[in-house]
$ cat target-v4.cif   # mmCIF, C-alpha atoms and all ligand atoms
data_input
loop_
_atom_site.label_atom_id
_atom_site.label_comp_id
_atom_site.auth_asym_id
_atom_site.auth_seq_id
_atom_site.Cartn_x
_atom_site.Cartn_y
_atom_site.Cartn_z
CA MET A 246 28.66 13.01 7.23
CA LYS A 247 26.78 9.76 7.35
CA PHE A 248 24.69 11.23 10.15
CA PHE A 249 23.12 13.75 7.79
CA THR A 250 22.15 11.23 5.15
CA ARG A 251 20.22 9.18 7.69
CA LYS A 252 16.89 7.93 6.38
CA ARG A 253 13.87 10.04 7.33
CA SER A 254 11.99 8.38 10.12
CA ALA A 255 8.73 7.88 8.21
CA VAL A 256 10.61 5.73 5.69
CA SER A 257 12.01 3.55 8.47
CA ALA A 258 8.57 3.33 10.06
CA LYS A 259 6.99 2.11 6.86
CA GLU A 260 9.73 -0.40 6.07
CA ARG A 261 9.66 -1.81 9.58
CA LEU A 262 5.89 -2.06 9.58
CA GLN A 263 5.85 -3.82 6.21
CA LEU A 264 8.02 -6.57 7.66
CA VAL A 265 6.26 -6.80 11.02
CA LEU A 266 2.79 -6.98 9.48
CA VAL A 267 3.73 -9.75 7.08
CA HIS A 268 5.07 -11.84 9.95
CA ASP A 269 2.12 -10.98 12.23
CA ARG A 270 -0.40 -11.90 9.56
CA THR A 271 1.24 -15.18 8.58
CA ASP A 272 2.27 -16.09 12.12
CA LEU A 273 5.67 -16.96 10.67
CA THR A 274 8.82 -15.72 12.39
CA PRO A 275 11.77 -14.51 10.32
CA ALA A 276 13.69 -17.62 11.50
CA GLN A 277 10.91 -19.94 10.36
CA LEU A 278 10.84 -18.18 7.00
CA GLU A 279 14.59 -18.79 6.62
CA ALA A 280 14.12 -22.48 7.44
CA LEU A 281 11.29 -22.68 4.91
CA LYS A 282 13.52 -21.16 2.23
CA ASP A 283 16.30 -23.66 2.98
CA ASP A 284 13.93 -26.61 2.80
CA LEU A 285 12.40 -25.32 -0.40
CA LEU A 286 15.77 -24.93 -2.09
CA LYS A 287 16.91 -28.35 -0.88
CA ALA A 288 13.83 -29.95 -2.37
CA ILE A 289 14.19 -28.17 -5.69
CA SER A 290 17.92 -28.97 -5.92
CA GLN A 291 17.12 -32.66 -5.91
CA TYR A 292 15.62 -32.24 -9.34
CA ILE A 293 17.36 -29.33 -10.96
CA ASP A 294 20.48 -27.18 -10.54
CA ILE A 295 19.73 -23.72 -9.24
CA ASP A 296 21.72 -20.54 -8.95
CA ARG A 297 21.64 -20.26 -5.17
CA GLU A 298 23.32 -16.85 -5.15
CA ALA A 299 20.58 -15.30 -7.24
CA VAL A 300 17.60 -16.85 -5.48
CA GLN A 301 14.98 -14.44 -4.17
CA ILE A 302 12.24 -15.73 -1.90
CA GLY A 303 10.06 -13.56 0.25
CA LEU A 304 6.59 -12.78 1.51
CA GLU A 305 4.77 -10.05 -0.35
CA ARG A 306 1.64 -8.14 0.53
CA GLU A 307 -1.15 -7.25 -1.80
CA GLY A 308 -3.90 -5.38 -0.01
CA ARG A 309 -4.77 -7.69 2.88
CA SER A 310 -3.44 -10.87 1.34
CA GLN A 311 0.02 -12.32 1.54
CA ARG A 312 1.87 -14.44 -0.94
CA LEU A 313 5.13 -16.31 -0.91
CA VAL A 314 7.02 -15.21 -3.99
CA ALA A 315 10.05 -17.14 -5.20
CA ASP A 316 12.34 -16.25 -8.07
CA ILE A 317 14.74 -19.17 -8.51
CA PRO A 318 17.09 -18.89 -11.50
CA LEU A 319 18.23 -22.24 -12.90
CA LEU A 320 21.79 -23.14 -13.93
CA ILE A 321 22.28 -24.38 -17.42
CA THR A 322 24.01 -27.69 -16.82
CA SER A 323 22.79 -29.73 -19.71
CA ARG A 324 22.46 -33.46 -19.34
CA ARG A 325 24.03 -33.50 -15.89
CA ARG A 326 21.72 -36.27 -14.89
CA ALA A 327 21.87 -38.09 -18.21
CA GLY A 328 24.46 -40.64 -17.09
CA MET B 258 -36.56 3.11 11.91
CA THR B 259 -33.92 0.47 12.17
CA ALA B 260 -30.68 1.63 13.61
CA GLN B 261 -27.29 0.89 12.17
CA VAL B 262 -24.94 -0.33 14.91
CA ILE B 263 -21.42 1.07 14.54
CA THR B 264 -18.53 -0.01 16.75
CA VAL B 265 -15.41 2.10 17.14
CA THR B 266 -12.34 0.06 18.08
CA SER B 267 -8.55 0.19 17.73
CA GLY B 268 -6.37 -2.47 19.30
CA LYS B 269 -3.98 0.00 20.90
CA GLY B 270 -5.25 2.20 23.72
CA GLY B 271 -5.38 5.97 23.74
CA VAL B 272 -5.62 6.52 19.99
CA GLY B 273 -8.95 8.40 20.10
CA LYS B 274 -11.85 5.90 20.15
CA THR B 275 -13.82 7.69 22.84
CA THR B 276 -13.14 11.06 21.22
CA ALA B 277 -14.38 9.69 17.91
CA VAL B 278 -17.57 8.20 19.39
CA ALA B 279 -18.50 11.41 21.23
CA ASN B 280 -17.85 13.55 18.16
CA LEU B 281 -19.48 11.32 15.57
CA ALA B 282 -22.57 10.88 17.75
CA THR B 283 -22.82 14.62 18.29
CA ALA B 284 -22.37 15.36 14.60
CA LEU B 285 -25.05 12.80 13.68
CA ALA B 286 -27.39 14.28 16.28
CA ALA B 287 -26.71 17.75 14.87
CA ASP B 288 -27.78 16.36 11.48
CA GLY B 289 -31.10 15.43 13.07
CA LYS B 290 -30.41 11.75 13.65
CA LYS B 291 -31.48 9.82 16.71
CA VAL B 292 -28.32 8.37 18.25
CA VAL B 293 -27.62 6.10 21.21
CA CYS B 294 -24.02 5.77 22.40
CA ILE B 295 -22.92 2.80 24.45
CA ASP B 296 -19.77 2.95 26.55
CA GLY B 297 -18.33 -0.56 26.19
CA ASP B 298 -15.30 0.11 28.37
CA ILE B 299 -16.57 -1.59 31.53
CA GLY B 300 -14.50 -0.59 34.56
CA LEU B 301 -12.88 2.36 32.75
CA ARG B 302 -15.91 4.51 32.06
CA ASN B 303 -14.95 7.58 30.01
CA LEU B 304 -17.52 8.45 27.40
CA ASP B 305 -19.67 10.13 30.07
CA VAL B 306 -17.02 12.73 30.90
CA VAL B 307 -16.04 13.32 27.30
CA MET B 308 -19.72 14.01 26.53
CA GLY B 309 -20.16 16.06 29.71
CA LEU B 310 -22.88 13.80 31.12
CA GLU B 311 -21.12 12.38 34.17
CA ASN B 312 -23.41 14.12 36.66
CA ARG B 313 -26.55 12.60 35.22
CA ILE B 314 -25.72 8.92 35.60
CA VAL B 315 -28.07 6.85 37.73
CA TYR B 316 -27.99 3.42 36.11
CA ASP B 317 -25.44 1.76 33.84
CA ILE B 318 -25.34 -1.03 31.29
CA VAL B 319 -24.68 -3.75 33.88
CA ASP B 320 -27.79 -2.61 35.79
CA VAL B 321 -29.74 -3.22 32.59
CA ILE B 322 -28.19 -6.65 32.02
CA GLU B 323 -28.75 -7.72 35.61
CA GLY B 324 -32.32 -6.48 35.61
CA ARG B 325 -32.02 -3.65 38.13
CA CYS B 326 -33.51 -1.17 35.69
CA LYS B 327 -35.21 -0.88 32.33
CA LEU B 328 -33.12 -0.07 29.26
CA LYS B 329 -34.83 3.34 28.98
CA GLN B 330 -33.83 4.21 32.56
CA ALA B 331 -30.13 3.73 31.73
CA MET B 332 -30.33 5.98 28.68
CA ILE B 333 -29.06 9.43 29.63
CA ARG B 334 -30.37 12.22 27.46
CA ASP B 335 -27.80 14.69 26.15
CA LYS B 336 -27.87 18.29 27.37
CA HIS B 337 -28.08 19.85 23.91
CA TYR B 338 -29.51 17.20 21.63
CA PRO B 339 -32.72 15.65 22.98
CA GLU B 340 -32.40 12.87 20.38
CA MET B 341 -28.98 11.72 21.63
CA TYR B 342 -28.50 9.31 24.52
CA LEU B 343 -25.65 7.64 26.38
CA ILE B 344 -25.76 4.25 28.04
CA PRO B 345 -22.84 4.43 30.45
CA ALA B 346 -20.41 1.65 31.34
CA ALA B 347 -20.34 0.25 34.87
CA GLN B 348 -17.39 1.67 36.72
CA THR B 349 -17.01 -0.84 39.53
CA ARG B 350 -17.43 -4.07 37.59
CA ASP B 351 -15.26 -5.90 35.11
CA LYS B 352 -15.76 -6.90 31.52
CA ASN B 353 -17.12 -10.32 32.43
CA ALA B 354 -20.31 -8.69 33.71
CA VAL B 355 -21.27 -8.29 30.02
CA SER B 356 -21.38 -10.97 27.33
CA PRO B 357 -21.51 -10.67 23.55
CA SER B 358 -25.12 -11.91 23.58
CA ASP B 359 -26.07 -9.23 26.13
CA MET B 360 -24.77 -6.62 23.69
CA VAL B 361 -26.67 -8.15 20.80
CA ARG B 362 -29.87 -8.15 22.85
CA ILE B 363 -29.48 -4.53 24.00
CA CYS B 364 -28.74 -3.35 20.48
CA ASN B 365 -31.72 -5.24 19.10
CA ASP B 366 -33.91 -3.53 21.68
CA LEU B 367 -32.50 -0.15 20.61
CA ARG B 368 -32.72 -0.69 16.86
CA PRO B 369 -36.41 0.11 16.27
CA ASP B 370 -36.22 3.55 17.90
CA ALA B 371 -32.89 4.94 16.70
CA ASP B 372 -30.99 5.79 13.54
CA PHE B 373 -27.57 4.94 14.93
CA VAL B 374 -26.18 3.02 17.88
CA ILE B 375 -22.50 3.81 18.38
CA ILE B 376 -20.41 1.58 20.62
CA ASP B 377 -17.15 2.72 22.21
CA SER B 378 -14.89 -0.33 22.44
CA PRO B 379 -12.18 -0.75 25.05
CA ALA B 380 -8.58 -1.16 23.86
CA GLY B 381 -7.25 -4.66 23.34
CA ILE B 382 -8.60 -7.78 21.69
CA GLU B 383 -10.13 -9.51 24.70
CA ARG B 384 -13.62 -9.89 26.12
CA GLY B 385 -14.48 -6.18 26.12
CA PHE B 386 -13.54 -5.90 22.45
CA ARG B 387 -15.52 -9.07 21.65
CA ASN B 388 -18.54 -7.60 23.43
CA ALA B 389 -18.19 -4.33 21.54
CA ILE B 390 -18.10 -5.92 18.08
CA ALA B 391 -20.75 -8.59 18.70
CA ALA B 392 -23.69 -6.49 17.54
CA ALA B 393 -21.87 -4.31 15.01
CA ASP B 394 -23.21 -3.83 11.50
CA ARG B 395 -20.17 -1.79 10.72
CA VAL B 396 -16.80 -1.35 12.44
CA LEU B 397 -14.58 1.73 12.40
CA VAL B 398 -10.95 1.19 13.36
CA VAL B 399 -9.13 4.20 14.79
CA THR B 400 -5.37 4.45 14.58
CA ASN B 401 -2.62 7.05 14.83
CA PRO B 402 0.19 7.34 12.28
CA GLU B 403 2.62 5.51 14.55
CA VAL B 404 4.27 2.12 14.28
CA SER B 405 2.69 0.45 17.31
CA ALA B 406 -0.81 1.84 16.70
CA VAL B 407 -0.78 0.70 13.06
CA ARG B 408 0.50 -2.72 14.01
CA ASP B 409 -2.26 -3.21 16.58
CA ALA B 410 -4.87 -1.89 14.14
CA ASP B 411 -3.74 -4.54 11.67
CA ARG B 412 -4.28 -7.27 14.28
CA VAL B 413 -7.81 -6.02 14.90
CA VAL B 414 -8.56 -5.86 11.17
CA GLY B 415 -7.34 -9.46 10.87
CA ILE B 416 -9.61 -10.60 13.70
CA LEU B 417 -12.61 -8.76 12.24
CA GLU B 418 -12.03 -10.47 8.90
CA ALA B 419 -11.65 -13.87 10.57
CA GLU B 420 -14.91 -13.26 12.45
CA GLU B 421 -16.56 -12.33 9.17
CA LYS B 422 -17.46 -8.88 10.41
CA GLY B 423 -16.49 -7.54 7.00
CA SER B 424 -13.74 -5.11 6.20
CA PRO B 425 -13.73 -2.19 8.64
CA ALA B 426 -13.19 1.45 7.67
CA LEU B 427 -10.26 3.45 8.98
CA ILE B 428 -10.20 6.69 10.95
CA LEU B 429 -6.66 8.01 10.93
CA ASN B 430 -6.48 10.29 13.97
CA ARG B 431 -3.88 12.82 15.13
CA LEU B 432 -2.19 13.30 11.79
CA ASN B 433 0.39 16.06 11.99
CA GLN B 434 0.78 17.43 8.48
CA ALA B 435 4.00 19.32 9.26
CA LEU B 436 5.66 16.09 10.38
CA VAL B 437 4.33 14.26 7.32
CA ARG B 438 5.72 16.97 5.04
CA ASN B 439 9.04 16.57 6.77
CA ASN B 440 8.88 12.82 6.23
CA ASP B 441 8.88 12.25 9.95
CA MET B 442 5.38 10.81 10.20
CA LEU B 443 3.64 8.06 8.26
CA SER B 444 1.29 9.66 5.72
CA ALA B 445 -2.34 8.66 5.21
CA GLU B 446 -1.27 6.90 1.99
CA ASP B 447 1.37 4.92 3.90
CA VAL B 448 -1.10 3.79 6.55
CA LEU B 449 -3.74 2.85 3.98
CA ASP B 450 -1.22 0.92 1.95
CA LEU B 451 -0.05 -0.96 5.04
CA LEU B 452 -3.50 -1.81 6.40
CA GLY B 453 -5.24 -2.43 3.08
CA ILE B 454 -8.68 -1.20 4.21
CA GLN B 455 -10.91 1.67 3.12
CA LEU B 456 -10.57 5.16 4.62
CA ILE B 457 -13.50 6.97 6.19
CA GLY B 458 -11.66 9.98 7.57
CA ILE B 459 -8.45 11.71 8.55
CA VAL B 460 -8.50 13.78 11.74
CA PRO B 461 -5.64 16.21 12.31
CA GLU B 462 -3.78 16.54 15.56
CA ASP B 463 -5.63 19.48 17.09
CA GLU B 464 -5.33 21.02 20.53
CA SER B 465 -8.99 22.01 20.42
CA VAL B 466 -9.78 18.31 21.03
CA ILE B 467 -8.12 18.52 24.43
CA ILE B 468 -9.66 21.88 25.27
CA SER B 469 -13.14 20.69 24.40
CA SER B 470 -12.73 17.46 26.33
CA ASN B 471 -11.82 19.54 29.38
CA ARG B 472 -15.21 21.17 29.02
CA GLY B 473 -17.11 17.99 28.22
CA ALA B 474 -18.30 19.45 24.93
CA PRO B 475 -17.28 17.53 21.79
CA VAL B 476 -15.14 19.47 19.33
CA VAL B 477 -17.69 19.13 16.49
CA ASN B 478 -19.57 21.94 18.22
CA ASP B 479 -16.64 24.26 17.51
CA PRO B 480 -17.10 25.48 13.91
CA LYS B 481 -13.48 26.65 13.71
CA SER B 482 -11.85 23.43 14.85
CA ARG B 483 -10.21 21.41 12.07
CA ALA B 484 -10.64 18.18 13.97
CA GLY B 485 -14.29 19.13 14.43
CA GLN B 486 -14.65 19.60 10.67
CA ALA B 487 -13.00 16.22 10.07
CA PHE B 488 -15.45 14.49 12.44
CA ARG B 489 -18.42 16.28 10.84
CA ASN B 490 -17.23 14.98 7.46
CA ILE B 491 -16.95 11.42 8.78
CA ALA B 492 -20.50 11.69 10.14
CA LYS B 493 -21.69 12.70 6.66
CA ARG B 494 -19.87 9.74 5.11
CA ILE B 495 -21.50 7.43 7.67
CA GLN B 496 -24.83 8.74 6.35
CA GLY B 497 -23.76 7.77 2.86
CA GLN B 498 -22.80 11.20 1.58
CA ASP B 499 -19.79 11.58 -0.64
CA VAL B 500 -17.72 14.25 1.08
CA PRO B 501 -14.29 15.01 -0.38
CA PHE B 502 -11.36 14.48 1.95
CA MET B 503 -10.09 17.61 3.66
CA ASP B 504 -6.87 19.01 2.41
CA LEU B 505 -4.81 18.92 5.56
CA ASP B 506 -2.23 21.15 3.96
CA LEU B 507 -4.60 24.05 4.26
CA GLN B 508 -3.91 25.96 7.39
CA SER B 509 -5.55 29.28 6.62
CA GLY B 510 -9.00 28.56 5.35
CA LEU B 511 -10.29 29.87 2.08
CA TRP B 512 -7.41 32.19 1.27
CA GLY B 513 -5.02 29.31 1.63
CA ALA B 514 -7.30 27.25 -0.58
CA ILE B 515 -7.29 29.86 -3.31
CA GLN B 516 -3.54 30.30 -3.17
CA LYS B 517 -2.95 26.63 -3.20
CA PHE B 518 -5.39 26.08 -6.00
CA ALA B 519 -3.77 28.83 -8.08
CA GLY B 520 -0.35 27.36 -7.44
CA ARG B 521 -1.41 23.96 -8.69
CA LYS B 522 -1.29 22.96 -12.34
N1 LIG C 601 -7.13 14.63 16.99
C1 LIG C 601 -6.64 14.80 18.24
N2 LIG C 601 -5.84 15.84 18.52
C2 LIG C 601 -5.35 16.02 19.76
N3 LIG C 601 -5.60 15.23 20.81
C3 LIG C 601 -6.40 14.17 20.59
C4 LIG C 601 -6.96 13.89 19.31
N4 LIG C 601 -7.71 12.77 19.42
C5 LIG C 601 -7.63 12.36 20.71
N5 LIG C 601 -6.84 13.19 21.42
C6 LIG C 601 -6.51 13.05 22.86
O1 LIG C 601 -5.92 11.79 23.04
C7 LIG C 601 -6.28 11.26 24.30
C8 LIG C 601 -6.85 9.86 24.15
O2 LIG C 601 -8.08 9.94 23.46
P1 LIG C 601 -9.28 8.95 23.77
O3 LIG C 601 -9.57 8.88 25.23
O4 LIG C 601 -10.38 9.31 22.85
O5 LIG C 601 -8.62 7.58 23.31
P2 LIG C 601 -9.20 6.10 23.48
O6 LIG C 601 -8.76 5.36 22.26
O7 LIG C 601 -10.63 6.14 23.78
O8 LIG C 601 -8.39 5.59 24.78
P3 LIG C 601 -8.65 4.23 25.62
O9 LIG C 601 -8.03 3.14 24.80
O10 LIG C 601 -7.94 4.48 26.88
O11 LIG C 601 -10.14 4.08 25.76
C9 LIG C 601 -7.26 12.23 24.92
O12 LIG C 601 -6.58 13.03 25.83
C10 LIG C 601 -7.74 13.04 23.73
O13 LIG C 601 -8.13 14.34 24.12
MG MG C 602 -11.72 5.22 25.39
#
$ encode --input "target-v4.cif" --output "structure tokens" --more "lines below"
Ligand SMILES: Nc1ncnc2c1ncn2[C@@H]1O[C@H](COP(=O)(O)OP(=O)(O)OP(=O)(O)O)[C@@H](O)[C@H]1O
Ligand SMILES: [Mg+2]
Amino acid sequence: MKFFTRKRSAVSAKERLQLVLVHDRTDLTPAQLEALKDDLLKAISQYIDIDREAVQIGLEREGRSQRLVADIPLLITSRRRAG
Amino acid sequence: MTAQVITVTSGKGGVGKTTAVANLATALAADGKKVVCIDGDIGLRNLDVVMGLENRIVYDIVDVIEGRCKLKQAMIRDKHYPEMYLIPAAQTRDKNAVSPSDMVRICNDLRPDADFVIIDSPAGIERGFRNAIAAADRVLVVTNPEVSAVRDADRVVGILEAEEKGSPALILNRLNQALVRNNDMLSAEDVLDLLGIQLIGIVPEDESVIISSNRGAPVVNDPKSRAGQAFRNIAKRIQGQDVPFMDLDLQSGLWGAIQKFAGRK
């Protein structure tokens, strides 16, 4: 059954190209992007508690420009650092 | 007269650059323009056979650069359009026989006496490509609706932007509307969204392209060919005319158009 619900190939082509082009244009491999995310979260966590499960960081395209978009929800842990 | 220099390039090989150059030049000549084509694919000369001029070659572009002939002597006049010329590539030399400044000089010499100079770039992003874009006022990037062709086109667009050649315009070649309808081929919208550049034309996959290249007569000469119509439209847009994009869904001419129009809203 699963065979018949397979994605049409044009959809796969577009999704794969979206990823490849972002990495080609930024000269950043997927592994480097993962490392960047880790470092970013480590740095932020030194100042504030974040909801690591809900974090979304990725490269987005807009026309011919790329941006690194991060959505990092914070945990409400009031006065954790007060003492 | 001061010619506009247009380079047709692609990144990936075999996507239709030479076909586009031969057809756009012919369509411009048919519109009364004076056109000089330059085959920039040194060592893999092809534009001559696609234009049906292979038997007339005496000198080539490297002969001009190395001073064995005058520029005029290397310009082969077309069989049908006396205002269209080809400067052929050298077949037995490599790309290093030409430099970007050679191309700029040749184009500057051509500018006063032509309306358009159209350069056929080799595939790739190396020396031959650099030569081909050196003198360009405007660059057209050809791609096919396929993953590898689009990826390579994006690389070329990136290089052109980095070189401050401005944003090129896209020719999407070999679109198969039946496959697109079936969601088994990237659509023109998909490719434009991915590449983020302006569109100058969509050319359908069309067997008349192959038949006409067998004969050495560009497909724009065939009034019934859909690819020919698409190239004629691109030639009009190059001249600054606002030609609506062809509806590639139409397979049966006017009757189809009427039916389709009636069926819509
Ligand atoms: N719209 C089309 N429909 C059908 N066949 C086509 C179309 N456009 C090009 N072709 C065919 O595709 C092949 C490659 O075309 P062409 O030689 O123009 O590509 P190219 O980009 O110049 O290649 P190269 O990179 O080797 O110089 C040719 O056989 C040509 O006839
Ligand atoms: Mg070619």
$ closest_residue --input "target-v4.cif" --among "B:Gly453, B:Gly297, B:Gly473, B:Gly381" --to "Gln263 (chain A)" --atoms "all atoms listed in the file"
B:Gly453
$ residues_around --input "target-v4.cif" --residues "Ala258 (chain A)" --least-positions-apart "4" --cutoff "10 Å" --atoms "all atoms listed in the file" --output "number ranges by chain"
A: 253-254, 262-263; B: 402-405, 441-443, 447
$ write_last_selection --input "target-v4.cif" --atoms "C-alpha atoms" --output "PDB file, keeping the file's coordinate frame"
ATOM      1  CA  ARG A 253      13.870  10.040   7.330  1.00  0.00           C
ATOM      2  CA  SER A 254      11.990   8.380  10.120  1.00  0.00           C
ATOM      3  CA  LEU A 262       5.890  -2.060   9.580  1.00  0.00           C
ATOM      4  CA  GLN A 263       5.850  -3.820   6.210  1.00  0.00           C
TER       5      GLN A 263
ATOM      6  CA  PRO B 402       0.190   7.340  12.280  1.00  0.00           C
ATOM      7  CA  GLU B 403       2.620   5.510  14.550  1.00  0.00           C
ATOM      8  CA  VAL B 404       4.270   2.120  14.280  1.00  0.00           C
ATOM      9  CA  SER B 405       2.690   0.450  17.310  1.00  0.00           C
ATOM     10  CA  ASP B 441       8.880  12.250   9.950  1.00  0.00           C
ATOM     11  CA  MET B 442       5.380  10.810  10.200  1.00  0.00           C
ATOM     12  CA  LEU B 443       3.640   8.060   8.260  1.00  0.00           C
ATOM     13  CA  ASP B 447       1.370   4.920   3.900  1.00  0.00           C
TER      14      ASP B 447
END
$ residues_near_ligand --input "target-v4.cif" --ligand "ligand LIG 601 (chain C)" --cutoff "8 Å" --atoms "only C-alpha atoms and all ligand atoms" --output "ChimeraX atom specification"
/B:266-267,269-277,298,301,303,377-381,399,430-432,460-468,470,484
$ interface_residues --input "target-v4.cif" --of "chain A" --to "chain B" --cutoff "12 Å" --atoms "all atoms listed in the file" --output "PyMOL selection string"
chain A and resi 251-272+305-311
$ atom_distance --input "target-v4.cif" --atom1 "CA of Ala419 (chain B)" --atom2 "CA of Ala406 (chain B)"
20.0 Å
$ atom_distance --input "target-v4.cif" --atom1 "CA of Val321 (chain B)" --atom2 "CA of Thr264 (chain B)"
19.7 Å
$ atom_distance --input "target-v4.cif" --atom1 "CA of Phe386 (chain B)" --atom2 "CA of Pro369 (chain B)"
24.4 Å
$ residues_around --input "target-v4.cif" --residues "Lys282 (chain A)" --least-positions-apart "5" --cutoff "9 Å" --atoms "all atoms listed in the file" --output "PyMOL selection string"
chain A and resi 277+287+302-303
$ residues_near_point --input "target-v4.cif" --point "(-16.9, 18.1, 27.5)" --cutoff "12 Å" --atoms "all atoms listed in the file" --output "short mmCIF file (atom, residue, chain, number, x, y, z; two decimals) with C-alpha atoms, keeping the file's coordinate frame"
data_model
loop_
_atom_site.label_atom_id
_atom_site.label_comp_id
_atom_site.auth_asym_id
_atom_site.auth_seq_id
_atom_site.Cartn_x
_atom_site.Cartn_y
_atom_site.Cartn_z
CA THR B 275 -13.82 7.69 22.84
CA THR B 276 -13.14 11.06 21.22
CA ALA B 279 -18.50 11.41 21.23
CA ASN B 280 -17.85 13.55 18.16
CA THR B 283 -22.82 14.62 18.29
CA ASN B 303 -14.95 7.58 30.01
CA LEU B 304 -17.52 8.45 27.40
CA ASP B 305 -19.67 10.13 30.07
CA VAL B 306 -17.02 12.73 30.90
CA VAL B 307 -16.04 13.32 27.30
CA MET B 308 -19.72 14.01 26.53
CA GLY B 309 -20.16 16.06 29.71
CA LEU B 310 -22.88 13.80 31.12
CA GLU B 311 -21.12 12.38 34.17
CA ASN B 312 -23.41 14.12 36.66
CA ASP B 335 -27.80 14.69 26.15
CA LYS B 336 -27.87 18.29 27.37
CA HIS B 337 -28.08 19.85 23.91
CA SER B 465 -8.99 22.01 20.42
CA VAL B 466 -9.78 18.31 21.03
CA ILE B 467 -8.12 18.52 24.43
CA ILE B 468 -9.66 21.88 25.27
CA SER B 469 -13.14 20.69 24.40
CA SER B 470 -12.73 17.46 26.33
CA ASN B 471 -11.82 19.54 29.38
CA ARG B 472 -15.21 21.17 29.02
CA GLY B 473 -17.11 17.99 28.22
CA ALA B 474 -18.30 19.45 24.93
CA PRO B 475 -17.28 17.53 21.79
CA VAL B 476 -15.14 19.47 19.33
CA VAL B 477 -17.69 19.13 16.49
CA ASN B 478 -19.57 21.94 18.22
CA ASP B 479 -16.64 24.26 17.51
#
$ axis_aligned_box --input "target-v4.cif" --around "region 304-320 of chain A" --padding-each-side "6 Å" --output "JSON"
{"center_x": 8.5, "center_y": -14.3, "center_z": -5.5, "size_x": 38.6, "size_y": 29.8, "size_z": 28.8}
